[in-house]
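A short write-up of the structure that comes next.
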Amino acid sequence: MRLYSIAVYLFLYVPIGIIVLFSFNSGRHASDFQGLSVKWYGKALSNPFVIDALTTSLIIALSVAILSSVMGTSAALALQRVRGPMRVLFDGLIYVSIMIPGIVIGIATLVALVTVFDLLNPILASLWPEGVKAPKFSLGYASVIAAHTLFTMSLVIILVRARIAGMDRALIEASEDLYATPWRTFYQITLPQIFPAVLAGFLLSFTFSFDDFIISFFVAGANTTLPVYVFSSIRRGITPEVNVIGSMVLGVSLTLLIIAQVLLRRRDRQ
Amino acid sequence: MAATTTGGRQGSWLTVALLAPTTAWFLILLVMPLVVVVIFSFGARAPMGGYAAAFTFDQYANLPARLTAFKNTMTFAPLGTLLSLLVAYPLAYYLAVKVGSRWKLLLLVLVIVPFWTSLLIRTYAWIFILGGRGIPALLEFIGMESVRLINTPGAVMVGIVYGYLPLMVFPIFVSLEKLDKRLLEASSDLGGSPFGTFLQVTLPLSMPGVATGCMLVFILLMGEFLIPAFLGGGKVFFIGNALVDLFLQSRNWPFGSAVAVTLVIIMLITVSLYMRVTMGKTTGRDEPLM
């Protein structure tokens, strides 16, 4: 039993380890290991395409994390007071937005946004004065952020709601009995108690967005996120650069994830 | 919270205000896109690709053109789910029942974390391992010539289990950890063999976790694109690959929409059938205990 478990852990981590090891390869080819060096890190980080894609990914992931933790937390707090058919409807939408495959979300968002933009752009153009170039809706940062936030917002709602369910109600009642304003009760009592879940939600949203390939592949338009860049490089063949980017991506998400998991579970155990 | 003190009116305005952004998101980015896809699936293809307004069932009639993708998905998704379950169950059992509480948290986190890291990079790792200079090179070294591992159905299966194992372990772990250990003692006190106890007590009580895990993995596998694209080498082709081809390469949006709608319908049917079967079983088991 124990040996079996060790084998499964090896199965999970050896492939990751191999990528990291080969990212330090000094050889010219991706798969001939010749010695340790960080030279490919230097090369990858001086490639403008990599830096561009990395910046795009970071901007998108940060926006997604902020939007979804604020909107998700607000919704989770408000939903406590919603009952009846509205509640069933909301729970259904949360459930669907989490369960629906990313590829279907990617396609549906692509098709719907392109259609809506094609309708809106002529109207927008006619509203603008002659000779001035009217702004145009197109796929880009905003569409990726919006599509990612659909999933991550629901994720935050679920995490925060679980936290609220385990919260000590007596404190809130005491605060209200002592004539605290609703805002003050929220700020001093509710928020500190749900904060680990909100922060974990923020980190998970960031990681999801930073790692997502399939949704960005459909709705990023002319922008390239890091996973989309990696996908097209892999299509051309494996290179040391892909190992380096892969290791950095894994490093970022592993760090954030371990923090998120500890936050989520430490409080659960108390 | 506010509602209890400030009364209904202000409280309900606050509720509406807090829910407004989420509602807008669901309507514009979930409901509208799905409705558009359904409408498109009854449309016709514009000469330059894209969509032309029409009402026809042609796209659905044309579905057999992608029959292989449907067949592959409907073979690999259930088999991959089953294989992940077989690998995950013993580990979940070990973590929940055998490991002391000191190590439990760390070991569990170590299983879950890979799922949240880039599936793209983790799948890429297997191109590296199974590709010509990976395991085949090692095998050649010990005398086995020209073993082909990558771009085979087996490679896709390995990728599936590797990718989705964490998602299977977690719910099974949760249901096993909730299990009342006194039931296991009672069973052995009454002369049950360890294996008998497992079959009659542990396994049935962990069924909700098994059902959740299988459902999650199965749903994600139905929409999988990356694993067959990287490890199947064009020989193993899923619905996801067909969709990428139809929307991004050949730009046949109406037909692509029909394929997507069919995928979602198959998914809904299998999941609701599956839930009916498993839920029926678990409630049946619960009754005599009460």
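By order in the structure tokens, chains are A, B, ...; within a chain, residues start at 1; ligands start at 1, following the order shown.
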**Request:** Tell me which protein, DNA and RNA residues are within 10 Å of Ile18 (chain A), counting only C-alpha atoms, leaving out same-chain ones fewer than 4 positions away, and put them as a list in words.
**Result:**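 With the cut-off at 10 Å, the set is Tyr13, Val14, Phe22, Ser23, Asn243 and Ser247 of chain A; Ala125, Trp126, Phe128 and Ile129 of chain B.
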Could you take the residues named above and write them with N, CA, C and O atoms, as a PDB file, in the first residue's frame?
ATOM      1  N   TYR A  13       5.085  13.321 -10.085  1.00  0.00           N
ATOM      2  CA  TYR A  13       6.106  14.367 -10.006  1.00  0.00           C
ATOM      3  C   TYR A  13       7.330  14.169 -10.885  1.00  0.00           C
ATOM      4  O   TYR A  13       8.013  15.143 -11.200  1.00  0.00           O
ATOM      5  N   VAL A  14       7.633  12.908 -11.285  1.00  0.00           N
ATOM      6  CA  VAL A  14       8.833  12.718 -12.111  1.00  0.00           C
ATOM      7  C   VAL A  14       8.760  13.497 -13.436  1.00  0.00           C
ATOM      8  O   VAL A  14       9.713  14.190 -13.787  1.00  0.00           O
ATOM      9  N   PHE A  22      15.685  19.461 -17.348  1.00  0.00           N
ATOM     10  CA  PHE A  22      16.148  19.755 -18.711  1.00  0.00           C
ATOM     11  C   PHE A  22      16.131  21.249 -19.028  1.00  0.00           C
ATOM     12  O   PHE A  22      16.754  21.669 -19.999  1.00  0.00           O
ATOM     13  N   SER A  23      15.441  22.033 -18.192  1.00  0.00           N
ATOM     14  CA  SER A  23      15.473  23.471 -18.438  1.00  0.00           C
ATOM     15  C   SER A  23      16.847  24.032 -18.070  1.00  0.00           C
ATOM     16  O   SER A  23      17.224  25.101 -18.518  1.00  0.00           O
ATOM     17  N   ASN A 243      11.152  24.149 -22.359  1.00  0.00           N
ATOM     18  CA  ASN A 243      11.425  23.608 -21.019  1.00  0.00           C
ATOM     19  C   ASN A 243      11.578  24.723 -19.995  1.00  0.00           C
ATOM     20  O   ASN A 243      11.101  24.611 -18.861  1.00  0.00           O
ATOM     21  N   SER A 247       9.067  25.374 -16.914  1.00  0.00           N
ATOM     22  CA  SER A 247       9.521  25.342 -15.522  1.00  0.00           C
ATOM     23  C   SER A 247       9.107  26.596 -14.787  1.00  0.00           C
ATOM     24  O   SER A 247       8.698  26.538 -13.626  1.00  0.00           O
TER      25      SER A 247
ATOM     26  N   ALA B 125       5.341  17.325 -20.980  1.00  0.00           N
ATOM     27  CA  ALA B 125       6.357  16.479 -20.346  1.00  0.00           C
ATOM     28  C   ALA B 125       6.315  15.062 -20.901  1.00  0.00           C
ATOM     29  O   ALA B 125       7.351  14.416 -21.075  1.00  0.00           O
ATOM     30  N   TRP B 126       5.118  14.581 -21.221  1.00  0.00           N
ATOM     31  CA  TRP B 126       5.014  13.205 -21.741  1.00  0.00           C
ATOM     32  C   TRP B 126       5.464  13.089 -23.192  1.00  0.00           C
ATOM     33  O   TRP B 126       5.879  12.014 -23.617  1.00  0.00           O
ATOM     34  N   PHE B 128       7.998  14.519 -24.201  1.00  0.00           N
ATOM     35  CA  PHE B 128       9.408  14.427 -23.896  1.00  0.00           C
ATOM     36  C   PHE B 128       9.788  13.005 -23.462  1.00  0.00           C
ATOM     37  O   PHE B 128      10.765  12.435 -23.939  1.00  0.00           O
ATOM     38  N   ILE B 129       8.968  12.446 -22.549  1.00  0.00           N
ATOM     39  CA  ILE B 129       9.291  11.131 -21.977  1.00  0.00           C
ATOM     40  C   ILE B 129       9.035  10.008 -22.976  1.00  0.00           C
ATOM     41  O   ILE B 129       9.836   9.086 -23.118  1.00  0.00           O
TER      42      ILE B 129
END
**Item:** Residues near Ile39 (chain B), cut-off 9 Å, only C-alpha atoms, skip fewer than 5 positions along chain, as a PyMOL selection string
**Value:** chain B and resi 34+55+254+257
**Item:** Test item: chain B residues at most 6 Å from chain A, counting only C-alpha atoms, as JSON, numbers by chain
**Value:** {"B": [2, 15, 18, 19, 33, 34, 36, 37, 91, 117, 118, 121, 125, 223]}
**Request:** Could you tell me, as a PyMOL selection string, which residues of region 49-215 of chain A DSSP assigns to helix (DSSP H, G or I) when given the backbone?
**Result:** chain A and resi 49-79+85-99+102-127+141-165+169-177+182-211+214-215
**Asked** Nearest to Pro204 (chain B): which of B:Ser188, B:Leu263, B:Leu107, B:Leu179 is it, counting only C-alpha atoms?
**Response**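 Answer, going by the shortest atom-to-atom distance: B:Leu179.
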**For region 68-82 of chain B: contacts at 8 Å, only C-alpha atoms, fewer than 5 positions along chain excluded, given as an MDAnalysis selection string** = chainID B and resid 157 160:161 214 217:218 221:222 236:239 241:242
**Top pick for closest residue to Ser37 (chain A), considering A:Leu21, A:Leu127, A:Ile158, A:Val50 and counting only C-alpha atoms** =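 Checking each of A:Leu21, A:Leu127, A:Ile158, A:Val50 against Ser37 (chain A), counting only C-alpha atoms, the winner is A:Leu21.
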**Request:** Just give me the gap between CA of Gly166 (chain A) and CA of Val169 (chain B) in Å, one decimal is fine.
**Result:** 24.0 Å
**Request:** Determine the nearest neighbour of Thr152 (chain A) from the options A:Tyr229, A:Thr239, A:Ser69, A:Phe137, counting only C-alpha atoms.
**Result:**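 With only C-alpha atoms as the atom set, the closest residue is A:Ser69.
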**Asked** What separation in Å, quoted to one decimal, exists between CA of Asn223 (chain A) and CA of Thr123 (chain B)?
**Response** 23.4 Å
**Request:** Determine the nearest neighbour of Leu105 (chain B) from the options B:Leu231, B:Leu29, B:Phe170, B:Leu14, counting only C-alpha atoms.
**Result:**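 When distances to Leu105 (chain B) are compared using only C-alpha atoms, the smallest one comes from B:Phe170.
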**Asked** In Å to one decimal, how far is CA of Val261 (chain B) from CA of Tyr60 (chain B)?
**Response** 9.6 Å
**Item:** Spatial neighbours of Ala54 (chain B), 10 Å, only C-alpha atoms, chain gap at least 5 places, as a PyMOL selection string
**Value:** chain B and resi 39-45
Include C-alpha atoms and write out the residues we just selected as a short mmCIF file (atom, residue, chain, number, x, y, z; two decimals), in the first residue's frame.
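Wrote again_37.cif, looks like this:
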data_model
loop_
_atom_site.label_atom_id
_atom_site.label_comp_id
_atom_site.auth_asym_id
_atom_site.auth_seq_id
_atom_site.Cartn_x
_atom_site.Cartn_y
_atom_site.Cartn_z
CA ILE B 39 -29.11 29.25 -33.19
CA PHE B 40 -25.99 28.87 -35.34
CA SER B 41 -26.30 25.10 -35.32
CA PHE B 42 -29.53 25.48 -37.34
CA GLY B 43 -27.92 27.94 -39.76
CA ALA B 44 -26.00 27.60 -43.02
CA ARG B 45 -22.37 28.22 -43.81
#
**Request:** Write out as a PyMOL selection string the residues lying within 8 Å of Ala53 (chain A), counting only C-alpha atoms and excluding same-chain residues fewer than 2 positions away.
**Result:** chain A and resi 49-51+55-57+223-226+229
**Prompt:** Any idea what's packed within 9 Å of Arg163 (chain A), counting only C-alpha atoms, ignoring anything in its chain fewer than 4 positions away? Could you give it as a list in words?
**Reply:**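 The residues that qualify are Ile158, Leu159, Met167, Gln193, Ile194, Phe195, Pro196, Ala197 and Asp268 of chain A.
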**Request:** List every residue of region 4-251 of chain B that DSSP, applied to the backbone of this structure, assigns to strand (DSSP E or B), and report them as a PyMOL selection string.
**Result:** chain B and resi 44-45+51-52
Write out as a PDB file with C-alpha atoms, in the first residue's frame the residues lying within 10 Å of Leu167 (chain B), counting only C-alpha atoms and excluding same-chain residues fewer than 4 positions away.
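Saved file around09.pdb follows:
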ATOM      1  CA  SER B  84      -8.097   6.832 -13.305  1.00  0.00           C
ATOM      2  CA  LEU B  85     -10.481   5.407 -10.718  1.00  0.00           C
ATOM      3  CA  ALA B  88      -6.757   6.711  -7.611  1.00  0.00           C
ATOM      4  CA  VAL B 111      -1.862  15.201  -4.922  1.00  0.00           C
ATOM      5  CA  ILE B 112      -4.161  18.158  -5.628  1.00  0.00           C
ATOM      6  CA  VAL B 113      -1.540  20.698  -6.654  1.00  0.00           C
ATOM      7  CA  PRO B 114      -0.592  19.145 -10.029  1.00  0.00           C
ATOM      8  CA  PHE B 115      -4.200  19.392 -11.200  1.00  0.00           C
ATOM      9  CA  TRP B 116      -4.100  23.150 -10.882  1.00  0.00           C
ATOM     10  CA  GLY B 163      -3.784  14.687 -16.148  1.00  0.00           C
ATOM     11  CA  PRO B 171     -13.522  13.400  -3.720  1.00  0.00           C
ATOM     12  CA  ILE B 172     -12.802   9.749  -2.865  1.00  0.00           C
ATOM     13  CA  THR B 212     -18.338  12.587  -7.935  1.00  0.00           C
ATOM     14  CA  GLY B 213     -14.788  11.835  -9.058  1.00  0.00           C
ATOM     15  CA  CYS B 214     -15.935   9.796 -12.064  1.00  0.00           C
ATOM     16  CA  LEU B 216     -15.818  15.289 -12.923  1.00  0.00           C
ATOM     17  CA  VAL B 217     -13.187  13.344 -14.863  1.00  0.00           C
TER      18      VAL B 217
END
